$ cat query-v3.txt   # compact mmCIF, C-alpha atoms and all ligand atoms
# COMPACT_ATOMS: atom_id res chain seq x y z
CA MET A 1 0.00 0.00 0.00
CA ARG A 2 1.13 3.48 -0.88
CA ILE A 3 0.21 6.31 1.48
CA ASP A 4 0.85 9.96 0.62
CA VAL A 5 0.42 12.67 3.25
CA VAL A 6 0.27 16.40 2.48
CA SER A 7 0.76 18.83 5.38
CA ILE A 8 2.34 22.19 6.25
CA PHE A 9 3.91 20.32 9.19
CA PRO A 10 5.58 17.30 7.49
CA ALA A 11 7.88 16.75 10.49
CA PHE A 12 4.76 15.77 12.42
CA PHE A 13 4.91 12.42 10.62
CA ASP A 14 8.49 11.55 11.62
CA ALA A 15 6.86 9.27 14.20
CA LEU A 16 5.82 6.99 11.34
CA GLU A 17 9.49 6.05 11.01
CA VAL A 18 9.46 4.13 14.29
CA SER A 19 7.85 0.95 15.62
CA LEU A 20 5.55 -1.25 13.60
CA LEU A 21 4.88 1.10 10.74
CA GLY A 22 8.58 1.92 10.52
CA LYS A 23 9.40 -1.78 10.08
CA ALA A 24 6.64 -2.17 7.50
CA ARG A 25 8.06 0.75 5.57
CA GLY A 26 11.53 -0.79 5.72
CA ALA A 27 10.11 -4.09 4.47
CA GLY A 28 8.38 -2.34 1.58
CA ILE A 29 4.92 -3.37 2.78
CA LEU A 30 3.95 0.27 3.34
CA ASP A 31 5.25 3.01 1.04
CA VAL A 32 4.62 6.21 3.05
CA ARG A 33 5.55 9.55 1.46
CA VAL A 34 5.11 12.82 3.35
CA HIS A 35 4.93 16.09 1.40
CA ASP A 36 5.14 19.76 2.47
CA LEU A 37 2.17 21.62 0.97
CA ARG A 38 4.38 24.70 0.68
CA SER A 39 6.33 22.92 -2.08
CA TRP A 40 3.37 23.89 -4.28
CA ALA A 41 3.08 27.50 -3.04
CA HIS A 42 5.21 29.52 -5.45
CA ASP A 43 5.12 33.08 -4.09
CA ARG A 44 8.06 34.45 -2.12
CA HIS A 45 6.38 33.72 1.20
CA ARG A 46 5.05 30.30 0.16
CA THR A 47 1.56 31.42 1.11
CA VAL A 48 -0.99 28.67 1.72
CA ASP A 49 -3.80 30.63 3.40
CA ASP A 50 -5.91 33.75 2.94
CA THR A 51 -8.90 35.52 4.48
CA PRO A 52 -12.35 33.93 4.11
CA TYR A 53 -14.82 35.26 1.50
CA GLY A 54 -17.91 36.43 3.36
CA GLY A 55 -15.87 37.40 6.41
CA GLY A 56 -15.46 35.47 9.64
CA ALA A 57 -12.60 34.67 11.98
CA GLY A 58 -9.42 32.89 10.97
CA MET A 59 -7.91 32.01 7.63
CA VAL A 60 -8.80 29.47 4.93
CA MET A 61 -6.31 27.32 3.00
CA LYS A 62 -5.93 28.49 -0.60
CA PRO A 63 -7.03 26.02 -3.32
CA GLU A 64 -4.08 26.48 -5.72
CA PRO A 65 -1.37 24.71 -3.71
CA TRP A 66 -3.75 21.84 -2.93
CA GLY A 67 -4.71 21.40 -6.56
CA GLU A 68 -1.07 21.23 -7.64
CA ALA A 69 -0.13 18.92 -4.78
CA LEU A 70 -2.91 16.43 -5.52
CA ASP A 71 -2.21 16.53 -9.27
CA SER A 72 1.48 15.84 -8.63
CA ILE A 73 0.83 12.90 -6.28
CA VAL A 74 -1.80 11.25 -8.48
CA ALA A 75 0.38 11.68 -11.58
CA ASP A 76 3.39 10.23 -9.75
CA ALA A 77 1.46 7.11 -8.76
CA GLY A 78 -0.09 6.87 -12.20
CA ASP A 79 2.10 4.03 -13.49
CA ASP A 80 0.47 1.53 -11.12
CA PRO A 81 -2.96 0.74 -12.61
CA ALA A 82 -4.15 -0.57 -9.23
CA ALA A 83 -3.31 2.78 -7.65
CA GLN A 84 -5.49 4.73 -10.08
CA HIS A 85 -8.08 7.01 -8.60
CA PRO A 86 -6.75 6.82 -5.01
CA VAL A 87 -8.92 7.39 -1.96
CA ILE A 88 -8.21 11.00 -0.92
CA ILE A 89 -8.93 11.45 2.77
CA PHE A 90 -9.41 14.90 4.28
CA PRO A 91 -9.72 14.83 8.08
CA SER A 92 -12.53 17.18 9.03
CA PRO A 93 -14.74 17.89 12.05
CA ALA A 94 -17.56 17.85 9.48
CA GLY A 95 -16.75 14.37 8.18
CA GLU A 96 -18.06 10.83 8.59
CA VAL A 97 -16.83 9.31 11.86
CA PHE A 98 -13.82 7.00 11.46
CA THR A 99 -14.45 3.54 12.91
CA GLN A 100 -12.75 0.16 12.84
CA ALA A 101 -15.01 -0.68 9.91
CA THR A 102 -13.63 2.36 8.05
CA ALA A 103 -10.09 1.19 8.85
CA ARG A 104 -10.84 -2.30 7.52
CA GLU A 105 -12.38 -0.87 4.36
CA LEU A 106 -9.46 1.47 3.66
CA ALA A 107 -6.87 -1.23 4.44
CA GLU A 108 -8.02 -2.93 1.23
CA GLU A 109 -6.97 0.03 -0.93
CA ARG A 110 -3.70 0.23 -2.90
CA HIS A 111 -3.23 4.00 -2.59
CA LEU A 112 -4.40 6.45 0.06
CA VAL A 113 -3.74 10.20 0.08
CA PHE A 114 -4.22 12.19 3.31
CA GLY A 115 -4.78 15.94 2.95
CA CYS A 116 -4.11 17.64 6.30
CA GLY A 117 -5.85 20.96 6.64
CA ARG A 118 -4.99 23.71 9.11
CA TYR A 119 -6.37 27.17 9.97
CA GLU A 120 -10.19 27.08 9.64
CA GLY A 121 -10.01 24.45 6.93
CA ILE A 122 -9.47 24.07 3.18
CA ASP A 123 -11.29 25.98 0.38
CA GLU A 124 -14.34 23.82 -0.41
CA ARG A 125 -13.55 23.76 -4.13
CA VAL A 126 -10.52 21.56 -3.40
CA PHE A 127 -12.82 18.70 -2.39
CA SER A 128 -14.87 18.92 -5.59
CA TYR A 129 -11.69 19.11 -7.71
CA ALA A 130 -10.15 16.17 -5.80
CA ALA A 131 -13.26 14.12 -6.65
CA THR A 132 -12.28 14.36 -10.33
CA ILE A 133 -8.95 12.58 -9.70
CA GLY A 134 -9.79 10.35 -6.74
CA ARG A 135 -12.44 9.08 -4.33
CA VAL A 136 -12.84 11.79 -1.69
CA ARG A 137 -13.68 11.00 1.95
CA LEU A 138 -14.07 13.69 4.62
CA VAL A 139 -13.42 11.85 7.89
CA SER A 140 -13.72 12.88 11.54
CA LEU A 141 -11.96 11.17 14.44
CA GLY A 142 -14.84 12.03 16.72
CA ASP A 143 -16.94 14.85 18.08
CA TYR A 144 -14.18 17.15 19.29
CA VAL A 145 -12.18 19.80 17.44
CA LEU A 146 -8.46 19.52 16.74
CA ASN A 147 -6.24 22.28 15.34
CA GLY A 148 -5.62 20.48 12.09
CA GLY A 149 -5.71 17.19 10.24
CA GLU A 150 -2.28 15.82 11.26
CA VAL A 151 -3.25 14.09 14.54
CA ALA A 152 -6.32 12.59 12.89
CA SER A 153 -4.24 11.39 9.91
CA MET A 154 -1.63 9.80 12.20
CA ALA A 155 -4.37 7.92 14.06
CA MET A 156 -6.01 6.75 10.85
CA ILE A 157 -2.70 5.74 9.23
CA GLU A 158 -1.87 3.62 12.28
CA ALA A 159 -5.36 2.06 12.48
CA ILE A 160 -5.33 1.28 8.73
CA GLY A 161 -1.64 0.38 8.42
CA ARG A 162 -1.74 -2.27 11.15
CA LEU A 163 -4.48 -4.11 9.21
CA VAL A 164 -2.39 -4.37 6.03
CA PRO A 165 -1.20 -7.99 5.64
CA GLY A 166 2.38 -8.45 6.85
CA VAL A 167 2.48 -5.34 9.05
CA VAL A 168 1.48 -7.08 12.28
CA GLY A 169 3.55 -10.22 12.97
CA ASN A 170 0.71 -12.30 14.40
CA PRO A 171 -2.55 -11.63 12.50
CA ALA A 172 -4.44 -13.59 15.19
CA SER A 173 -3.77 -10.68 17.57
CA LEU A 174 -5.90 -8.47 15.33
CA VAL A 175 -8.98 -10.59 15.85
CA GLU A 176 -9.39 -10.35 19.64
CA GLU A 177 -9.34 -6.57 19.85
CA SER A 178 -11.87 -4.01 20.87
CA HIS A 179 -14.32 -3.25 18.07
CA GLU A 180 -13.18 -6.14 15.87
CA ASP A 181 -16.24 -8.17 16.89
CA GLY A 182 -18.39 -5.22 17.89
CA LEU A 183 -17.49 -5.57 21.57
CA LEU A 184 -14.80 -4.12 23.82
CA GLU A 185 -11.86 -6.42 24.51
CA TYR A 186 -11.60 -8.58 27.63
CA PRO A 187 -9.13 -7.67 30.45
CA SER A 188 -5.55 -8.90 30.10
CA TYR A 189 -3.13 -10.11 32.81
CA THR A 190 0.45 -11.37 32.97
CA LYS A 191 2.94 -12.43 35.67
CA PRO A 192 3.14 -12.11 38.63
CA ALA A 193 -0.06 -13.95 39.66
CA SER A 194 -0.27 -11.73 42.78
CA TRP A 195 0.70 -8.05 42.75
CA ARG A 196 0.08 -5.51 45.50
CA GLU A 197 -2.61 -7.78 46.99
CA ARG A 198 -4.30 -7.99 43.59
CA GLU A 199 -4.80 -11.50 42.17
CA VAL A 200 -5.16 -12.67 38.57
CA PRO A 201 -8.69 -14.14 38.12
CA PRO A 202 -8.23 -17.86 39.03
CA ILE A 203 -10.08 -18.99 35.87
CA LEU A 204 -7.11 -17.76 33.83
CA LEU A 205 -4.78 -20.06 35.77
CA SER A 206 -7.09 -23.09 35.43
CA GLY A 207 -5.89 -24.35 32.06
CA ASN A 208 -9.55 -24.92 31.15
CA HIS A 209 -9.53 -23.19 27.74
CA GLY A 210 -13.26 -23.59 27.16
CA ALA A 211 -14.10 -22.00 30.49
CA ILE A 212 -11.52 -19.27 29.86
CA ALA A 213 -13.07 -18.45 26.48
CA THR A 214 -16.53 -18.29 28.08
CA TRP A 215 -15.28 -16.03 30.89
CA ARG A 216 -13.56 -13.71 28.41
CA ARG A 217 -16.72 -13.39 26.31
CA GLU A 218 -18.71 -12.59 29.43
CA GLN A 219 -16.16 -9.93 30.35
CA GLN A 220 -16.44 -8.41 26.86
CA ILE A 221 -20.22 -8.19 27.10
CA GLU A 222 -20.14 -6.81 30.68
CA ARG A 223 -17.55 -4.15 29.78
CA THR A 224 -19.38 -3.14 26.63
CA ARG A 225 -22.66 -2.85 28.51
CA ASP A 226 -20.99 -0.70 31.20
CA ARG A 227 -18.81 1.53 29.03
CA ARG A 228 -20.29 1.51 25.52
CA PRO A 229 -23.99 0.50 25.60
CA ASP A 230 -24.31 2.21 22.22
CA LEU A 231 -22.31 -0.62 20.64
CA LEU A 232 -24.86 -3.14 21.89
CA ALA A 233 -27.76 -1.13 20.50
CA GLU A 234 -26.49 -1.58 16.89
N1 LIG A 301 -12.28 14.99 14.42
C1 LIG A 301 -11.70 16.21 14.09
C2 LIG A 301 -11.02 16.57 12.90
C3 LIG A 301 -10.64 17.86 13.08
C4 LIG A 301 -9.94 18.75 12.13
C5 LIG A 301 -9.47 18.24 10.91
C6 LIG A 301 -8.87 19.08 10.00
C7 LIG A 301 -8.75 20.43 10.29
C8 LIG A 301 -8.24 21.54 9.56
C9 LIG A 301 -8.38 22.68 10.37
N2 LIG A 301 -8.96 22.29 11.54
C10 LIG A 301 -9.24 23.18 12.64
C11 LIG A 301 -10.69 23.59 12.63
C12 LIG A 301 -11.17 24.21 13.72
C13 LIG A 301 -12.49 24.61 13.74
C14 LIG A 301 -13.29 24.35 12.66
C15 LIG A 301 -12.76 23.70 11.59
N3 LIG A 301 -11.43 23.30 11.57
C16 LIG A 301 -9.20 20.94 11.51
C17 LIG A 301 -9.80 20.10 12.44
N4 LIG A 301 -11.06 18.26 14.29
N5 LIG A 301 -11.69 17.23 14.90

$ encode --input "query-v3.txt" --output "structure tokens" --more "lines below"
Ligand SMILES: Nc1cc(-c2ccc3ccn(Cc4ccccn4)c3c2)[nH]n1
Amino acid sequence: MRIDVVSIFPAFFDALEVSLLGKARGAGILDVRVHDLRSWAHDRHRTVDDTPYGGGAGMVMKPEPWGEALDSIVADAGDDPAAQHPVIIFPSPAGEVFTQATARELAEERHLVFGCGRYEGIDERVFSYAATIGRVRLVSLGDYVLNGGEVASMAMIEAIGRLVPGVVGNPASLVEESHEDGLLEYPSYTKPASWREREVPPILLSGNHGAIATWRREQQIERTRDRRPDLLAE
């Protein structure tokens, strides 16, 4: 999978060099390319924002640099027929909410482009232009406001990247996770069996794998009911 990221803070994504995703990049499983939007701003000050038509607080990101950036990225990936018409993801507080189902869906794609906005957002015409060269998705991490799209993109790249075959060493570990089966995950324990007068649930030391599986499922249901009843309503 190829992932392109466009941001005015490219250094933000240095963290993608480390840990799991860093290894996957080294192994060629993930091809992550981070671009500075200002590379496509040609005035002396590399301007990427301007005042909003109609007035209002803050600044809006100019369409020209975005149009050139997206054209350049799509053209560069053009030689791979499977990477045609990439999914172009714009984090936005006004987007669809990103869920594990979204991550699974996007993990099937060959080419993702993340457009990280800042200021009060990106000129709306960029989204309609992007739809002529890709499949546009405006995506929100949740109902809270961030200062830009970088944190949201990092979270989504990690959630998607770890589902790409070969990235996680033991694919079985992806199955028993929160939200994979619509429930929250069961509690985990490791040695020592007793710690600060707190014991590991005896069932987990019993060796009775059937009973352990039943107990874990019960824990998932109890936790989901207590913390996320909305997941049970679906
Ligand atoms: N789940 C999310 C996503 C975002 C997000 C994503 C991209 C941008 C680009 C700019 N801002 C700041 C901003 C503040 C106020 C209104 C509009 N935008 C962003 C915020 N916030 N929360």

$ closest_residue --input "query-v3.txt" --among "A:Glu105, A:Asp49, A:Glu180, A:Asp143" --to "ligand LIG 301 (chain A)" --atoms "all atoms listed in the file"
A:Asp143

$ residues_around --input "query-v3.txt" --residues "stretch 73-88 of chain A" --least-positions-apart "6" --cutoff "12 Å" --atoms "only C-alpha atoms" --output "ChimeraX atom specification"
/A:1-6,31,33-37,40,66-67,105-116,126-139,153

$ atom_distance --input "query-v3.txt" --atom1 "atom CA of A:Glu185" --atom2 "atom CA of A:Gln220"
5.5 Å

$ residues_around --input "query-v3.txt" --residues "A:Val145" --least-positions-apart "3" --cutoff "9 Å" --atoms "all atoms listed in the file" --output "compact mmCIF listing (two decimals) with C-alpha atoms, in the frame of the given file"
# COMPACT_ATOMS: atom_id res chain seq x y z
CA SER A 92 -12.53 17.18 9.03
CA PRO A 93 -14.74 17.89 12.05
CA GLY A 142 -14.84 12.03 16.72
CA GLY A 148 -5.62 20.48 12.09

$ axis_aligned_box --input "query-v3.txt" --around "stretch 128-146 of chain A" --padding-each-side "4 Å" --output "AutoDock Vina command-line options"
--center_x -12.7 --center_y 14.4 --center_z 4.5 --size_x 16.5 --size_y 18.7 --size_z 37.6

$ atom_distance --input "query-v3.txt" --atom1 "atom CA of A:Pro187" --atom2 "atom CA of A:Ala213"
12.1 Å

$ residues_around --input "query-v3.txt" --residues "A:Val60" --least-positions-apart "3" --cutoff "10 Å" --atoms "all atoms listed in the file" --output "PDB file with C-alpha atoms, keeping the file's coordinate frame"
ATOM      1  CA  VAL A  48      -0.990  28.670   1.720  1.00  0.00           C
ATOM      2  CA  ASP A  49      -3.800  30.630   3.400  1.00  0.00           C
ATOM      3  CA  ASP A  50      -5.910  33.750   2.940  1.00  0.00           C
ATOM      4  CA  THR A  51      -8.900  35.520   4.480  1.00  0.00           C
ATOM      5  CA  PRO A  52     -12.350  33.930   4.110  1.00  0.00           C
ATOM      6  CA  TYR A  53     -14.820  35.260   1.500  1.00  0.00           C
ATOM      7  CA  ALA A  57     -12.600  34.670  11.980  1.00  0.00           C
ATOM      8  CA  PRO A  63      -7.030  26.020  -3.320  1.00  0.00           C
ATOM      9  CA  GLY A 117      -5.850  20.960   6.640  1.00  0.00           C
ATOM     10  CA  ARG A 118      -4.990  23.710   9.110  1.00  0.00           C
ATOM     11  CA  TYR A 119      -6.370  27.170   9.970  1.00  0.00           C
ATOM     12  CA  GLU A 120     -10.190  27.080   9.640  1.00  0.00           C
ATOM     13  CA  GLY A 121     -10.010  24.450   6.930  1.00  0.00           C
ATOM     14  CA  ILE A 122      -9.470  24.070   3.180  1.00  0.00           C
ATOM     15  CA  ASP A 123     -11.290  25.980   0.380  1.00  0.00           C
ATOM     16  CA  GLU A 124     -14.340  23.820  -0.410  1.00  0.00           C
TER      17      GLU A 124
END

$ atom_distance --input "query-v3.txt" --atom1 "atom CA of A:Met156" --atom2 "atom CA of A:Val32"
13.2 Å

$ closest_residue --input "query-v3.txt" --among "A:Trp195, A:Tyr144, A:Tyr186, A:Phe12" --to "ligand LIG 301 (chain A)" --atoms "all atoms listed in the file"
A:Tyr144

$ residues_around --input "query-v3.txt" --residues "A:Gln219" --least-positions-apart "5" --cutoff "12 Å" --atoms "all atoms listed in the file" --output "number ranges by chain"
A: 178, 183-188, 201, 212-214, 224-227

$ write_last_selection --input "query-v3.txt" --atoms "C-alpha atoms" --output "mmCIF file, in the frame of the given file"
data_model
loop_
_atom_site.group_PDB
_atom_site.id
_atom_site.type_symbol
_atom_site.label_atom_id
_atom_site.label_comp_id
_atom_site.auth_asym_id
_atom_site.auth_seq_id
_atom_site.Cartn_x
_atom_site.Cartn_y
_atom_site.Cartn_z
ATOM 1 C CA SER A 178 -11.870 -4.010 20.870
ATOM 2 C CA LEU A 183 -17.490 -5.570 21.570
ATOM 3 C CA LEU A 184 -14.800 -4.120 23.820
ATOM 4 C CA GLU A 185 -11.860 -6.420 24.510
ATOM 5 C CA TYR A 186 -11.600 -8.580 27.630
ATOM 6 C CA PRO A 187 -9.130 -7.670 30.450
ATOM 7 C CA SER A 188 -5.550 -8.900 30.100
ATOM 8 C CA PRO A 201 -8.690 -14.140 38.120
ATOM 9 C CA ILE A 212 -11.520 -19.270 29.860
ATOM 10 C CA ALA A 213 -13.070 -18.450 26.480
ATOM 11 C CA THR A 214 -16.530 -18.290 28.080
ATOM 12 C CA THR A 224 -19.380 -3.140 26.630
ATOM 13 C CA ARG A 225 -22.660 -2.850 28.510
ATOM 14 C CA ASP A 226 -20.990 -0.700 31.200
ATOM 15 C CA ARG A 227 -18.810 1.530 29.030
#

$ closest_residue --input "query-v3.txt" --among "A:Ser39, A:Thr47, A:Thr102, A:Asn147" --to "ligand LIG 301 (chain A)" --atoms "all atoms listed in the file"
A:Asn147

$ closest_residue --input "query-v3.txt" --among "A:Gly95, A:Pro202, A:Gly22, A:Gly207" --to "ligand LIG 301 (chain A)" --atoms "only C-alpha atoms and all ligand atoms"
A:Gly95

$ closest_residue --input "query-v3.txt" --among "A:Ser140, A:Glu150, A:Val97, A:Ala41" --to "A:Phe9" --atoms "only C-alpha atoms"
A:Glu150

$ closest_residue --input "query-v3.txt" --among "A:Ala193, A:Leu204, A:Ala101, A:Met61" --to "ligand LIG 301 (chain A)" --atoms "only C-alpha atoms and all ligand atoms"
A:Met61

$ residues_around --input "query-v3.txt" --residues "A:Leu20" --least-positions-apart "4" --cutoff "10 Å" --atoms "all atoms listed in the file" --output "ChimeraX atom specification"
/A:16,24-26,158,161-162,167-169

$ residues_near_point --input "query-v3.txt" --point "(-10.8, 5.4, 12.5)" --cutoff "7 Å" --atoms "only C-alpha atoms" --output "list in words"
Phe98, Thr99, Gln100, Thr102, Ala103, Leu141, Met156 and Ala159 of chain A

$ decode --input "query-v3.txt" --residues "stretch 135-151 of chain A" --atoms "N, CA and C atoms" --output "PDB file, in the first residue's frame"
ATOM      1  N   ARG A 135     -11.195   9.318  -5.073  1.00  0.00           N
ATOM      2  CA  ARG A 135     -12.444   9.078  -4.333  1.00  0.00           C
ATOM      3  C   ARG A 135     -12.311   9.799  -2.997  1.00  0.00           C
ATOM      4  N   VAL A 136     -13.043  10.900  -2.843  1.00  0.00           N
ATOM      5  CA  VAL A 136     -12.845  11.794  -1.689  1.00  0.00           C
ATOM      6  C   VAL A 136     -13.656  11.318  -0.485  1.00  0.00           C
ATOM      7  N   ARG A 137     -12.999  11.308   0.691  1.00  0.00           N
ATOM      8  CA  ARG A 137     -13.676  10.996   1.951  1.00  0.00           C
ATOM      9  C   ARG A 137     -13.305  12.057   2.978  1.00  0.00           C
ATOM     10  N   LEU A 138     -14.295  12.793   3.486  1.00  0.00           N
ATOM     11  CA  LEU A 138     -14.068  13.695   4.615  1.00  0.00           C
ATOM     12  C   LEU A 138     -14.338  12.875   5.874  1.00  0.00           C
ATOM     13  N   VAL A 139     -13.339  12.786   6.763  1.00  0.00           N
ATOM     14  CA  VAL A 139     -13.423  11.850   7.888  1.00  0.00           C
ATOM     15  C   VAL A 139     -13.087  12.542   9.212  1.00  0.00           C
ATOM     16  N   SER A 140     -13.926  12.307  10.205  1.00  0.00           N
ATOM     17  CA  SER A 140     -13.722  12.877  11.540  1.00  0.00           C
ATOM     18  C   SER A 140     -13.259  11.784  12.498  1.00  0.00           C
ATOM     19  N   LEU A 141     -12.371  12.147  13.424  1.00  0.00           N
ATOM     20  CA  LEU A 141     -11.958  11.167  14.437  1.00  0.00           C
ATOM     21  C   LEU A 141     -13.030  11.030  15.508  1.00  0.00           C
ATOM     22  N   GLY A 142     -13.833  12.057  15.664  1.00  0.00           N
ATOM     23  CA  GLY A 142     -14.839  12.031  16.724  1.00  0.00           C
ATOM     24  C   GLY A 142     -15.347  13.442  16.977  1.00  0.00           C
ATOM     25  N   ASP A 143     -16.268  13.563  17.885  1.00  0.00           N
ATOM     26  CA  ASP A 143     -16.942  14.852  18.080  1.00  0.00           C
ATOM     27  C   ASP A 143     -16.166  15.754  19.032  1.00  0.00           C
ATOM     28  N   TYR A 144     -14.992  16.168  18.567  1.00  0.00           N
ATOM     29  CA  TYR A 144     -14.181  17.151  19.285  1.00  0.00           C
ATOM     30  C   TYR A 144     -13.344  17.842  18.213  1.00  0.00           C
ATOM     31  N   VAL A 145     -12.861  19.028  18.489  1.00  0.00           N
ATOM     32  CA  VAL A 145     -12.180  19.802  17.443  1.00  0.00           C
ATOM     33  C   VAL A 145     -10.673  19.848  17.696  1.00  0.00           C
ATOM     34  N   LEU A 146      -9.933  19.445  16.693  1.00  0.00           N
ATOM     35  CA  LEU A 146      -8.464  19.521  16.743  1.00  0.00           C
ATOM     36  C   LEU A 146      -8.019  20.787  16.013  1.00  0.00           C
ATOM     37  N   ASN A 147      -6.726  21.080  16.019  1.00  0.00           N
ATOM     38  CA  ASN A 147      -6.245  22.285  15.338  1.00  0.00           C
ATOM     39  C   ASN A 147      -5.930  22.047  13.869  1.00  0.00           C
ATOM     40  N   GLY A 148      -5.941  20.777  13.479  1.00  0.00           N
ATOM     41  CA  GLY A 148      -5.615  20.481  12.092  1.00  0.00           C
ATOM     42  C   GLY A 148      -5.781  19.000  11.839  1.00  0.00           C
ATOM     43  N   GLY A 149      -5.466  18.578  10.625  1.00  0.00           N
ATOM     44  CA  GLY A 149      -5.708  17.194  10.238  1.00  0.00           C
ATOM     45  C   GLY A 149      -4.592  16.216  10.569  1.00  0.00           C
ATOM     46  N   GLU A 150      -3.460  16.705  11.089  1.00  0.00           N
ATOM     47  CA  GLU A 150      -2.281  15.825  11.264  1.00  0.00           C
ATOM     48  C   GLU A 150      -2.523  14.729  12.310  1.00  0.00           C
ATOM     49  N   VAL A 151      -3.037  15.093  13.486  1.00  0.00           N
ATOM     50  CA  VAL A 151      -3.247  14.090  14.536  1.00  0.00           C
ATOM     51  C   VAL A 151      -4.247  13.040  14.056  1.00  0.00           C
TER      52      VAL A 151
END
